[in-house]
Each structure stands twice: as C-alpha cells, then as structure tokens.
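Okay, target08.tsv now, which holds TSV, C-alpha atoms:
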```tsv
chain	number	residue	atom	x	y	z
A	1	MET	CA	39.05	-37.00	2.65
A	2	VAL	CA	35.54	-38.50	2.61
A	3	LEU	CA	33.09	-36.91	0.16
A	4	PHE	CA	29.42	-37.24	1.03
A	5	LYS	CA	27.12	-38.01	-1.86
A	6	LYS	CA	24.43	-35.44	-2.48
A	7	SER	CA	21.13	-36.88	-1.28
A	8	PRO	CA	17.64	-35.69	-2.27
A	9	GLY	CA	16.42	-36.81	1.14
A	10	ARG	CA	18.88	-34.51	2.89
A	11	TYR	CA	17.78	-31.54	0.80
A	12	LEU	CA	14.16	-32.48	1.45
A	13	ASP	CA	14.78	-32.58	5.20
A	14	ALA	CA	16.66	-29.28	5.05
A	15	GLY	CA	13.83	-27.68	3.12
A	16	ASN	CA	11.27	-28.82	5.68
A	17	GLU	CA	13.43	-27.48	8.48
A	18	TYR	CA	13.75	-24.11	6.73
A	19	LEU	CA	9.97	-24.03	6.35
A	20	LEU	CA	9.59	-24.55	10.10
A	21	GLN	CA	12.05	-21.70	10.67
A	22	ARG	CA	10.13	-19.52	8.17
A	23	GLN	CA	13.26	-19.12	6.05
A	24	PHE	CA	11.32	-19.55	2.84
A	25	ALA	CA	13.99	-18.47	0.36
A	26	LEU	CA	16.38	-21.09	1.74
A	27	ALA	CA	13.60	-23.65	1.70
A	28	LEU	CA	13.09	-22.92	-2.01
A	29	GLU	CA	16.75	-23.58	-2.73
A	30	SER	CA	16.74	-26.85	-0.79
A	31	PHE	CA	13.59	-28.19	-2.42
A	32	SER	CA	14.90	-27.17	-5.85
A	33	MET	CA	18.04	-29.22	-5.22
A	34	ALA	CA	15.90	-32.15	-4.07
A	35	ILE	CA	13.91	-31.91	-7.32
A	36	GLN	CA	17.08	-31.71	-9.37
A	37	LEU	CA	18.33	-34.93	-7.78
A	38	ASN	CA	14.94	-36.66	-7.84
A	39	PRO	CA	12.49	-35.18	-10.37
A	40	ASN	CA	9.81	-37.66	-9.26
A	41	SER	CA	9.62	-36.53	-5.65
A	42	ALA	CA	6.07	-35.36	-4.94
A	43	ASP	CA	7.14	-34.18	-1.49
A	44	ALA	CA	9.86	-31.96	-2.98
A	45	TYR	CA	7.44	-30.33	-5.40
A	46	TYR	CA	4.93	-29.89	-2.59
A	47	GLY	CA	7.59	-28.32	-0.37
A	48	ARG	CA	8.71	-25.92	-3.06
A	49	GLY	CA	5.10	-25.02	-3.83
A	50	LEU	CA	4.49	-24.39	-0.14
A	51	SER	CA	7.60	-22.17	-0.04
A	52	TYR	CA	6.30	-20.06	-2.91
A	53	PHE	CA	2.89	-19.95	-1.21
A	54	SER	CA	4.47	-18.80	2.06
A	55	LEU	CA	6.21	-15.98	0.18
A	56	GLY	CA	2.85	-14.85	-1.22
A	57	LYS	CA	3.84	-15.99	-4.73
A	58	PHE	CA	0.60	-17.82	-5.45
A	59	ALA	CA	0.94	-18.02	-9.23
A	60	GLU	CA	4.43	-19.51	-8.86
A	61	ALA	CA	3.16	-22.02	-6.29
A	62	LEU	CA	0.58	-23.53	-8.64
A	63	PRO	CA	2.84	-25.45	-11.08
A	64	ASP	CA	4.70	-27.13	-8.22
A	65	LEU	CA	1.49	-28.05	-6.39
A	66	ASP	CA	0.07	-29.34	-9.69
A	67	LYS	CA	3.16	-31.53	-10.19
A	68	ALA	CA	3.05	-32.79	-6.61
A	69	LEU	CA	-0.55	-33.92	-7.08
A	70	GLU	CA	0.23	-35.44	-10.47
A	71	LEU	CA	2.92	-37.56	-8.79
A	72	ASN	CA	0.85	-38.29	-5.69
A	73	PRO	CA	-2.91	-37.54	-5.86
A	74	SER	CA	-3.25	-38.40	-2.15
A	75	LEU	CA	-1.70	-35.23	-0.67
A	76	PRO	CA	-4.59	-33.45	1.08
A	77	ASP	CA	-2.48	-30.47	2.13
A	78	ALA	CA	-1.41	-29.91	-1.47
A	79	TYR	CA	-5.09	-29.64	-2.45
A	80	LEU	CA	-5.65	-27.23	0.44
A	81	TYR	CA	-2.79	-24.88	-0.42
A	82	ARG	CA	-3.53	-25.04	-4.12
A	83	GLY	CA	-7.12	-24.10	-3.31
A	84	ILE	CA	-6.00	-21.15	-1.20
A	85	SER	CA	-3.65	-20.05	-3.99
A	86	LEU	CA	-6.45	-20.27	-6.54
A	87	THR	CA	-8.73	-18.25	-4.26
A	88	SER	CA	-6.04	-15.58	-3.95
A	89	LEU	CA	-5.95	-15.44	-7.75
A	90	SER	CA	-9.79	-15.12	-7.90
A	91	ARG	CA	-10.16	-18.57	-9.49
A	92	PHE	CA	-12.96	-19.47	-7.12
A	93	GLU	CA	-14.60	-22.33	-9.03
A	94	ASP	CA	-11.27	-24.16	-9.39
A	95	ALA	CA	-10.50	-23.50	-5.73
A	96	LEU	CA	-13.78	-25.10	-4.63
A	97	LYS	CA	-12.81	-28.36	-6.33
A	98	ASP	CA	-9.58	-28.46	-4.34
A	99	PHE	CA	-11.29	-27.69	-1.04
A	100	ASN	CA	-13.86	-30.40	-1.72
A	101	LYS	CA	-11.00	-32.83	-2.34
A	102	THR	CA	-9.30	-31.77	0.88
A	103	ILE	CA	-12.51	-32.39	2.81
A	104	GLU	CA	-12.78	-35.89	1.25
A	105	PHE	CA	-9.42	-36.69	2.81
A	106	LYS	CA	-9.88	-34.70	6.03
A	107	PRO	CA	-13.57	-34.22	6.81
A	108	ASP	CA	-12.77	-32.77	10.25
A	109	LEU	CA	-10.27	-30.15	9.07
A	110	ALA	CA	-11.73	-26.81	10.12
A	111	GLU	CA	-9.39	-24.86	7.83
A	112	ALA	CA	-10.71	-26.64	4.74
A	113	TYR	CA	-14.26	-25.48	5.47
A	114	PHE	CA	-13.05	-21.98	6.32
A	115	TYR	CA	-11.16	-21.50	3.06
A	116	ARG	CA	-13.99	-23.05	1.07
A	117	GLY	CA	-16.21	-20.49	2.76
A	118	LEU	CA	-13.91	-17.70	1.55
A	119	ALA	CA	-14.21	-18.99	-2.01
A	120	PHE	CA	-18.00	-19.25	-1.66
A	121	ARG	CA	-18.19	-15.65	-0.37
A	122	ASN	CA	-17.72	-14.51	-3.94
A	123	LEU	CA	-20.13	-17.06	-5.42
A	124	ASP	CA	-22.81	-18.08	-2.91
A	125	PRO	CA	-22.97	-16.20	0.43
A	126	GLY	CA	-25.41	-18.76	1.85
A	127	LYS	CA	-22.95	-21.62	1.30
A	128	ALA	CA	-20.16	-19.42	2.65
A	129	GLN	CA	-22.13	-18.93	5.86
A	130	ALA	CA	-22.72	-22.68	6.19
A	131	ASP	CA	-18.99	-23.33	5.82
A	132	PHE	CA	-18.03	-20.71	8.40
A	133	LEU	CA	-20.55	-22.22	10.84
A	134	LYS	CA	-19.08	-25.69	10.17
A	135	THR	CA	-15.63	-24.27	10.83
A	136	LEU	CA	-16.78	-23.03	14.23
A	137	GLU	CA	-18.45	-26.35	14.99
A	138	LEU	CA	-15.06	-28.02	14.50
A	139	LYS	CA	-12.99	-25.23	16.07
A	140	PRO	CA	-15.14	-22.86	18.19
A	141	GLN	CA	-12.29	-20.37	18.75
A	142	PHE	CA	-11.62	-19.51	15.09
A	143	PRO	CA	-11.50	-15.68	14.94
A	144	ASP	CA	-11.40	-15.37	11.16
A	145	ALA	CA	-14.52	-17.52	10.77
A	146	LEU	CA	-16.34	-15.25	13.24
A	147	LEU	CA	-15.01	-12.22	11.39
A	148	ASN	CA	-16.33	-13.49	8.06
A	149	LEU	CA	-19.72	-14.33	9.54
A	150	ALA	CA	-19.81	-10.72	10.72
A	151	LEU	CA	-18.89	-9.42	7.28
A	152	LEU	CA	-21.63	-11.51	5.69
A	153	ALA	CA	-24.13	-10.06	8.17
A	154	ALA	CA	-22.86	-6.56	7.34
A	155	ASP	CA	-23.33	-7.29	3.63
A	156	ARG	CA	-26.96	-8.05	4.46
A	157	GLN	CA	-27.11	-4.85	6.57
A	158	GLU	CA	-27.97	-6.94	9.63
A	159	TRP	CA	-26.00	-4.65	11.91
A	160	ASP	CA	-26.89	-6.19	15.28
A	161	GLN	CA	-25.84	-9.64	14.13
A	162	ALA	CA	-22.68	-8.21	12.58
A	163	ILE	CA	-21.75	-6.46	15.83
A	164	ASP	CA	-22.36	-9.67	17.79
A	165	HIS	CA	-20.04	-11.68	15.52
A	166	PHE	CA	-17.37	-8.95	15.49
A	167	THR	CA	-17.47	-8.91	19.28
A	168	LYS	CA	-17.05	-12.70	19.48
A	169	ALA	CA	-14.16	-12.48	17.02
A	170	LEU	CA	-12.46	-9.94	19.29
A	171	GLU	CA	-13.05	-12.16	22.31
A	172	ALA	CA	-11.14	-14.87	20.43
A	173	ASN	CA	-8.43	-12.46	19.20
A	174	SER	CA	-8.28	-9.03	20.79
A	175	GLY	CA	-5.77	-7.82	18.19
A	176	LEU	CA	-8.00	-8.37	15.18
A	177	PHE	CA	-7.77	-5.06	13.35
A	178	GLU	CA	-10.56	-5.78	10.86
A	179	ALA	CA	-13.04	-6.56	13.63
A	180	TYR	CA	-12.49	-3.17	15.30
A	181	CYS	CA	-12.60	-1.34	11.98
A	182	TYR	CA	-15.78	-2.93	10.66
A	183	ARG	CA	-17.55	-3.15	14.00
A	184	GLY	CA	-16.95	0.60	14.18
A	185	LEU	CA	-18.59	0.97	10.79
A	186	ALA	CA	-21.54	-1.16	11.95
A	187	TYR	CA	-21.91	1.04	15.03
A	188	THR	CA	-21.90	4.08	12.73
A	189	LYS	CA	-24.73	2.55	10.69
A	190	LYS	CA	-26.71	2.18	13.93
A	191	ASN	CA	-25.85	5.77	14.91
A	192	MET	CA	-23.94	4.49	17.98
A	193	LEU	CA	-21.24	7.03	17.30
A	194	ASP	CA	-19.33	6.98	20.59
A	195	GLU	CA	-18.90	3.20	20.32
A	196	ALA	CA	-17.92	3.62	16.67
A	197	ILE	CA	-15.17	6.13	17.46
A	198	ARG	CA	-13.75	3.91	20.20
A	199	ASP	CA	-13.45	1.03	17.73
A	200	MET	CA	-11.98	3.21	14.99
A	201	ASP	CA	-9.41	4.64	17.41
A	202	LYS	CA	-8.39	1.11	18.43
A	203	ALA	CA	-8.07	0.09	14.78
A	204	VAL	CA	-5.81	3.09	14.12
A	205	GLU	CA	-3.73	2.11	17.14
A	206	LEU	CA	-3.31	-1.41	15.76
A	207	GLN	CA	-2.56	-0.38	12.16
A	208	PRO	CA	-1.66	3.32	11.97
A	209	GLU	CA	-0.71	3.02	8.28
A	210	ASN	CA	-4.02	1.53	7.14
A	211	PHE	CA	-5.97	4.07	5.09
A	212	GLU	CA	-9.35	2.36	5.48
A	213	THR	CA	-9.70	3.16	9.16
A	214	TYR	CA	-9.04	6.86	8.66
A	215	PHE	CA	-11.64	6.92	5.90
A	216	TYR	CA	-14.31	5.19	7.98
A	217	ARG	CA	-13.44	7.29	11.02
A	218	ALA	CA	-13.88	10.41	8.89
A	219	ILE	CA	-17.43	9.32	8.06
A	220	THR	CA	-18.15	8.67	11.73
A	221	ARG	CA	-16.74	12.06	12.70
A	222	GLU	CA	-18.94	13.74	10.10
A	223	ASN	CA	-21.94	12.06	11.69
A	224	ARG	CA	-20.75	13.33	15.09
A	225	LYS	CA	-20.68	16.89	13.68
A	226	GLU	CA	-16.88	17.06	13.92
A	227	PRO	CA	-16.01	18.41	10.45
A	228	GLU	CA	-12.44	19.48	11.26
A	229	ALA	CA	-11.55	16.06	12.68
A	230	ALA	CA	-13.24	14.40	9.69
A	231	PHE	CA	-11.28	16.62	7.32
A	232	ALA	CA	-8.02	15.59	9.00
A	233	ASP	CA	-8.92	11.91	8.62
A	234	TYR	CA	-9.76	12.32	4.93
A	235	ASN	CA	-6.39	14.00	4.46
A	236	LYS	CA	-4.61	11.15	6.25
A	237	ALA	CA	-6.47	8.53	4.23
A	238	LEU	CA	-5.40	10.28	1.02
A	239	GLU	CA	-1.83	10.62	2.24
A	240	LEU	CA	-1.75	6.84	2.67
A	241	ASN	CA	-3.72	6.10	-0.50
A	242	PRO	CA	-3.75	8.92	-3.06
A	243	SER	CA	-6.07	6.90	-5.33
A	244	LEU	CA	-8.95	6.64	-2.86
A	245	ASP	CA	-11.78	8.17	-4.87
A	246	VAL	CA	-14.32	8.09	-2.02
A	247	ALA	CA	-11.98	10.08	0.24
A	248	TYR	CA	-11.68	12.85	-2.38
A	249	PHE	CA	-15.47	12.84	-2.56
A	250	GLY	CA	-15.90	13.02	1.22
A	251	ARG	CA	-13.36	15.83	1.52
A	252	GLY	CA	-15.04	17.63	-1.37
A	253	VAL	CA	-18.39	17.52	0.43
A	254	LEU	CA	-16.79	19.10	3.50
A	255	ARG	CA	-15.12	21.78	1.37
A	256	ASN	CA	-18.42	22.48	-0.35
A	257	LYS	CA	-20.07	23.02	3.04
A	258	ARG	CA	-17.23	25.38	4.00
A	259	GLY	CA	-17.80	27.41	0.85
A	260	GLU	CA	-14.38	26.40	-0.55
A	261	LEU	CA	-15.94	25.82	-3.93
A	262	ASP	CA	-12.84	25.67	-6.13
A	263	SER	CA	-11.19	23.14	-3.82
A	264	ALA	CA	-14.42	21.14	-3.60
A	265	ILE	CA	-14.72	21.04	-7.38
A	266	ALA	CA	-11.10	19.90	-7.63
A	267	ASP	CA	-11.79	17.04	-5.20
A	268	PHE	CA	-14.94	15.96	-7.02
A	269	SER	CA	-13.09	16.11	-10.33
A	270	ARG	CA	-10.30	13.94	-8.96
A	271	ALA	CA	-12.84	11.41	-7.67
A	272	ILE	CA	-14.43	11.30	-11.14
A	273	GLU	CA	-11.03	10.93	-12.78
A	274	LEU	CA	-10.38	7.87	-10.59
A	275	PHE	CA	-13.91	6.49	-11.04
A	276	PRO	CA	-15.70	7.88	-14.12
A	277	GLY	CA	-19.02	6.37	-13.02
A	278	PHE	CA	-19.07	8.15	-9.66
A	279	ILE	CA	-22.64	9.52	-9.77
A	280	ASP	CA	-22.57	11.39	-6.45
A	281	ALA	CA	-19.34	13.14	-7.39
A	282	TYR	CA	-20.96	14.50	-10.57
A	283	PHE	CA	-24.01	15.57	-8.56
A	284	PHE	CA	-22.09	17.44	-5.89
A	285	ARG	CA	-19.72	18.96	-8.45
A	286	ALA	CA	-22.82	20.28	-10.24
A	287	ILE	CA	-24.05	21.80	-6.96
A	288	ALA	CA	-20.69	23.49	-6.38
A	289	ARG	CA	-20.50	24.75	-9.96
A	290	GLY	CA	-24.02	26.13	-9.67
A	291	LYS	CA	-23.06	28.02	-6.51
A	292	LYS	CA	-20.17	29.56	-8.46
A	293	GLY	CA	-22.53	30.67	-11.21
A	294	ASP	CA	-21.04	28.26	-13.73
A	295	TYR	CA	-24.47	27.13	-14.86
A	296	ASP	CA	-23.47	25.50	-18.13
A	297	SER	CA	-20.91	23.23	-16.46
A	298	ALA	CA	-23.40	22.46	-13.69
A	299	LEU	CA	-26.06	21.55	-16.26
A	300	ASN	CA	-23.59	19.22	-17.97
A	301	ASP	CA	-22.89	17.48	-14.66
A	302	PHE	CA	-26.58	17.07	-13.78
A	303	SER	CA	-27.17	15.67	-17.27
A	304	LYS	CA	-24.32	13.19	-16.71
A	305	VAL	CA	-25.92	12.12	-13.43
A	306	ILE	CA	-29.21	11.50	-15.25
A	307	ASP	CA	-27.42	9.55	-18.00
A	308	LEU	CA	-25.86	7.31	-15.35
A	309	ASN	CA	-29.03	7.02	-13.28
A	310	PRO	CA	-32.27	8.08	-15.00
A	311	LEU	CA	-34.18	7.60	-11.71
A	312	PHE	CA	-32.20	10.22	-9.75
A	313	ALA	CA	-35.06	12.57	-8.85
A	314	GLU	CA	-32.85	15.19	-7.15
A	315	ALA	CA	-30.81	15.59	-10.32
A	316	TYR	CA	-33.92	16.47	-12.34
A	317	PHE	CA	-35.04	18.87	-9.60
A	318	GLU	CA	-31.69	20.67	-9.41
A	319	ARG	CA	-31.41	20.81	-13.19
A	320	ALA	CA	-34.91	22.31	-13.33
A	321	ALA	CA	-33.75	25.03	-10.92
A	322	LEU	CA	-30.81	25.86	-13.19
A	323	TYR	CA	-32.99	25.93	-16.31
A	324	LYS	CA	-35.29	28.35	-14.46
A	325	LEU	CA	-32.30	30.58	-13.61
A	326	LYS	CA	-31.28	30.54	-17.29
A	327	GLY	CA	-34.82	31.48	-18.35
A	328	ASP	CA	-35.66	28.20	-20.07
A	329	ALA	CA	-39.15	27.70	-18.62
A	330	ALA	CA	-40.08	24.72	-20.82
A	331	LYS	CA	-37.08	22.63	-19.85
A	332	ALA	CA	-37.44	23.68	-16.21
A	333	GLU	CA	-41.06	22.52	-16.16
A	334	ALA	CA	-40.25	19.22	-17.89
A	335	ASP	CA	-37.52	18.42	-15.37
A	336	LEU	CA	-39.66	19.48	-12.43
A	337	GLN	CA	-42.48	17.19	-13.51
A	338	LYS	CA	-40.06	14.29	-13.94
A	339	ALA	CA	-38.59	14.95	-10.49
A	340	LEU	CA	-42.05	14.96	-8.89
A	341	GLU	CA	-43.02	11.80	-10.75
A	342	LEU	CA	-39.98	10.04	-9.28
A	343	ASN	CA	-40.25	11.64	-5.82
A	344	PRO	CA	-43.53	13.38	-4.98
A	345	GLY	CA	-41.99	14.59	-1.71
A	346	LEU	CA	-39.99	17.16	-3.66
A	347	ALA	CA	-43.22	19.12	-4.07
A	348	GLN	CA	-42.53	20.56	-0.60
A	349	ARG	CA	-39.41	22.30	-1.92
A	350	ASN	CA	-39.16	25.44	-4.01
A	351	LEU	CA	-36.99	25.78	-7.07
A	352	HIS	CA	-34.19	28.18	-6.16
```
Translate this structure into structure tokens?
Amino acid sequence: MVLFKKSPGRYLDAGNEYLLQRQFALALESFSMAIQLNPNSADAYYGRGLSYFSLGKFAEALPDLDKALELNPSLPDAYLYRGISLTSLSRFEDALKDFNKTIEFKPDLAEAYFYRGLAFRNLDPGKAQADFLKTLELKPQFPDALLNLALLAADRQEWDQAIDHFTKALEANSGLFEAYCYRGLAYTKKNMLDEAIRDMDKAVELQPENFETYFYRAITRENRKEPEAAFADYNKALELNPSLDVAYFGRGVLRNKRGELDSAIADFSRAIELFPGFIDAYFFRAIARGKKGDYDSALNDFSKVIDLNPLFAEAYFERAALYKLKGDAAKAEADLQKALELNPGLAQRNLH
C-alpha cells in the first residue's frame, strides 16, 4: 500500500477550496494543518485569518493576519481584512493605517476606499464622504457607498440629499433593507408621510424580524394620526427588542394621551431604567404623575430634568405650575421667571 506524505500545499489548496465553497469551519481545519506542517507559511496564516473573519470572529482573525503580514508584508488583502476586522472592533485609527497600506498596493481598489470611509465615519465625516465618492468613481454601482453617503447626509439633516442617495442605492440594489428603512425616516422628517409608510412597509417585508423598522414606522404612524397602528408597532418593536428604551418612551407617550397613566408611568420608568439620562422620559413621567395628583413625585422628576438640562424651559414652567398647586408662591414665581427668561414665548400660556 502506498502512503501519501502529508503536504502543507495540499492542505493550503483544500483550505482555499473550502473558502470558495463558504465552508469556513473546514477551511479553518485545513489551514491549521498547513500551519502545523509549515509554520512559516504566510498564505496559511492569511487563509486561517480569512476563515475566522468570514465566520465573524474578528478578534480571532487578528493574530493570524498579523502573523501573515509579519511573514510577508506584501499581502494587500491581509491589510484590507485586518483593517475591516479592526473597524468591526472599533479600533478605527489602527484600521486606517491598514487601509492606507492596502491603497498603496492597490490604488484602484474601490473596496479599500469604501472601508476606509467606514472607519472615517466615526472620526472625520468629511474624509468619509471623500472616500465614498472615490469608491463610486472607481465602481459607480456600489450600493453600500451610496447608502453611506445617504446616511452622512441624514446626519447633517440634509434630507433631500439623503433621499436622493438612498434612491440611487435602491436603483443599484432593490433589496437594500437599510435604504428603505432610512429613506422612510427621511421622508418622515420632510412630512412626506405616505412615501415614508411605503418605504417602512417594504423594509418590514424584507426583514420582518428587525425591530428598528417597527420603531420608525411607529413614529411615522403617530405623525399620520394613527395612534392604534403606532401602538401596535411599538409593541412589536419591544417584542423583538425588550431593551429598546425609546420604544418604551414612545408607547408611554401614547398611553399618556389615552389617559392610561399608570401604564404610561411604567413605560417611562422602564425607559429610565434602561437609560438613566433619558431627559424626555423624566419630563413626561412628571406630566403623568402630575395628572394623577402625585405632585411630590412629579416635582422630583421635573427637578431631575432640570439637573440634566438646566436650559429646559418647559420643565421650569411645569414645575412652577406644580408649586402653585401646592401653594408655594415664591418657588412658583422663581421657576416661572426662569422659564420666561429661557423661552419668552411661554408668556402666552397660563400656569394650570
């Protein structure tokens, strides 16, 4: 019987074939055998690092990509994937160095500019925009670059530009969930509510288990004066993500409007529990507590709002109204004057 000698090259070839077949666990095993047989194989370390990367194990990918580049500093793809891994781990400055190195080797690689743009998004939005534009210069049909240009425009509250980029992204990829979701939000900001609902509905169709779309659709439905539909969407968002503080807040506002004060207070309290600095949740909980006649608790909440934001004129005004109800004229007057100093328009309202 003929016994074939174990060959690192064979394991390397097998690993690359498994990568092509997206059988990443098997690729890991093959590259590990190649490394065992030849510990100085940069390609084997790169392959195993890429396998970890493909499995979403970015921290595990880094040592292998580091070793690959130590053995062979001329592997541009190793710099690229190490940069993406570092970005995924929020190590943006380190990632930029790798993307710059990739671009030295491959100055026409659209993906290198795109991923550098993603790293810059968290550091310098202007440079991020330049990189996304460069990506599109090299590869005009790059949906994710268009999507990120739209998100940058939305960050600047340039809603028309955002909608234009979202639309172009969808022309390049009609199944891009994020583009429907966030274009819908941009339409909501422009009060184009029918268009917003159409986009939100499409986003739900594409990803029915994504809580974000239900949350944003709830906001849009509130703006369309559809409280019951909005309430259902808040419930669905919380079913999918029970830690979504803003959904508890939104549902609490609806319950407050319905007069369901205890339930509203419970929702505001849960939002505060999840995010102790949630100013609006304290404010609306104070309103609900005041409606229930629990003036002391309401006063505490208004005071917390003012501690968190000393320029919140409405909080001074509402606290003045409660002090008036409790018969403390001096404190009521002091808060009223502070409220009017911050917002003279409140002079048109009466303390209740």
Suppose you want the space between CA of Ala320 (chain A) and CA of Lys291 (chain A); what is it in Å? 14.8 Å
What's the separation between CA of Asn256 (chain A) and CA of Tyr214 (chain A), in Å to one decimal place? 20.3 Å
Test item: residues at most 7 Å from region 323-340 of chain A, all atoms listed in the file, excluding those fewer than 5 positions along its chain, as a PyMOL selection string: chain A and resi 313-314+316-317+346-347
Using all atoms listed in the file, which protein or nucleic acid residues come within 12 Å of Glu228 (chain A)? Drop anything in the same chain fewer than 4 positions from it, and give the result as a ChimeraX atom specification. /A:218-219,221-222,224,232-235,251,254-255,257-258
Please provide the set of residues having any atom within 10 Å of region 36-41 of chain A, restricted to all atoms listed in the file, with same-chain residues fewer than 2 positions apart removed, written as JSON, numbers by chain. {"A": [6, 7, 8, 9, 11, 12, 30, 31, 32, 33, 34, 43, 44, 45, 46, 47, 67, 68, 70, 71, 72]}
Length of the CA of Tyr282 (chain A) to CA of Leu308 (chain A) vector [Å]: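 Distance reported for this atom pair: 9.9 Å.
Excluding Arg82 (chain A) and any residue on its chain fewer than 2 positions from it, the residues at most 7 Å away by all atoms listed in the file are Leu62, Leu65, Ala78, Tyr79, Leu80, Ile84, Ser85, Leu86 and Asp98 of chain A.
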Which neighbours of region 126-143 of chain A fall inside 12 Å, counting only C-alpha atoms, when residues of the same chain fewer than 2 positions from it are skipped, and could you give them as number ranges by chain? A: 96, 99-100, 103, 106-124, 145-153, 155-156, 165-179
Writing N, CA and C atoms and nothing else, produce region 162-176 of chain A as a PDB file, in the first residue's frame.
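The resulting file, part13.pdb, is shown below:
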```pdb
ATOM      1  N   ALA A 162     -30.163  63.187   1.237  1.00  0.00           N
ATOM      2  CA  ALA A 162     -30.223  61.820   1.761  1.00  0.00           C
ATOM      3  C   ALA A 162     -31.182  60.966   0.938  1.00  0.00           C
ATOM      4  N   ILE A 163     -32.358  61.498   0.660  1.00  0.00           N
ATOM      5  CA  ILE A 163     -33.351  60.748  -0.119  1.00  0.00           C
ATOM      6  C   ILE A 163     -32.813  60.429  -1.503  1.00  0.00           C
ATOM      7  N   ASP A 164     -32.115  61.384  -2.119  1.00  0.00           N
ATOM      8  CA  ASP A 164     -31.543  61.155  -3.452  1.00  0.00           C
ATOM      9  C   ASP A 164     -30.540  60.010  -3.422  1.00  0.00           C
ATOM     10  N   HIS A 165     -29.652  59.994  -2.420  1.00  0.00           N
ATOM     11  CA  HIS A 165     -28.656  58.917  -2.335  1.00  0.00           C
ATOM     12  C   HIS A 165     -29.310  57.585  -1.986  1.00  0.00           C
ATOM     13  N   PHE A 166     -30.289  57.580  -1.088  1.00  0.00           N
ATOM     14  CA  PHE A 166     -30.996  56.333  -0.786  1.00  0.00           C
ATOM     15  C   PHE A 166     -31.650  55.774  -2.047  1.00  0.00           C
ATOM     16  N   THR A 167     -32.244  56.644  -2.835  1.00  0.00           N
ATOM     17  CA  THR A 167     -32.922  56.214  -4.053  1.00  0.00           C
ATOM     18  C   THR A 167     -31.925  55.601  -5.034  1.00  0.00           C
ATOM     19  N   LYS A 168     -30.756  56.227  -5.189  1.00  0.00           N
ATOM     20  CA  LYS A 168     -29.732  55.676  -6.081  1.00  0.00           C
ATOM     21  C   LYS A 168     -29.214  54.334  -5.560  1.00  0.00           C
ATOM     22  N   ALA A 169     -29.108  54.215  -4.235  1.00  0.00           N
ATOM     23  CA  ALA A 169     -28.683  52.939  -3.659  1.00  0.00           C
ATOM     24  C   ALA A 169     -29.684  51.840  -3.997  1.00  0.00           C
ATOM     25  N   LEU A 170     -30.965  52.177  -3.944  1.00  0.00           N
ATOM     26  CA  LEU A 170     -32.006  51.188  -4.257  1.00  0.00           C
ATOM     27  C   LEU A 170     -32.050  50.872  -5.751  1.00  0.00           C
ATOM     28  N   GLU A 171     -31.681  51.824  -6.575  1.00  0.00           N
ATOM     29  CA  GLU A 171     -31.585  51.535  -8.003  1.00  0.00           C
ATOM     30  C   GLU A 171     -30.472  50.522  -8.274  1.00  0.00           C
ATOM     31  N   ALA A 172     -29.408  50.596  -7.458  1.00  0.00           N
ATOM     32  CA  ALA A 172     -28.294  49.661  -7.605  1.00  0.00           C
ATOM     33  C   ALA A 172     -28.587  48.314  -6.945  1.00  0.00           C
ATOM     34  N   ASN A 173     -29.406  48.336  -5.891  1.00  0.00           N
ATOM     35  CA  ASN A 173     -29.755  47.100  -5.169  1.00  0.00           C
ATOM     36  C   ASN A 173     -31.138  47.269  -4.564  1.00  0.00           C
ATOM     37  N   SER A 174     -32.135  46.728  -5.240  1.00  0.00           N
ATOM     38  CA  SER A 174     -33.525  46.949  -4.829  1.00  0.00           C
ATOM     39  C   SER A 174     -33.884  46.208  -3.543  1.00  0.00           C
ATOM     40  N   GLY A 175     -32.982  45.359  -3.051  1.00  0.00           N
ATOM     41  CA  GLY A 175     -33.263  44.633  -1.822  1.00  0.00           C
ATOM     42  C   GLY A 175     -32.545  45.190  -0.613  1.00  0.00           C
ATOM     43  N   LEU A 176     -32.100  46.429  -0.700  1.00  0.00           N
ATOM     44  CA  LEU A 176     -31.299  47.013   0.368  1.00  0.00           C
ATOM     45  C   LEU A 176     -32.217  47.512   1.485  1.00  0.00           C
TER      46      LEU A 176
END
```
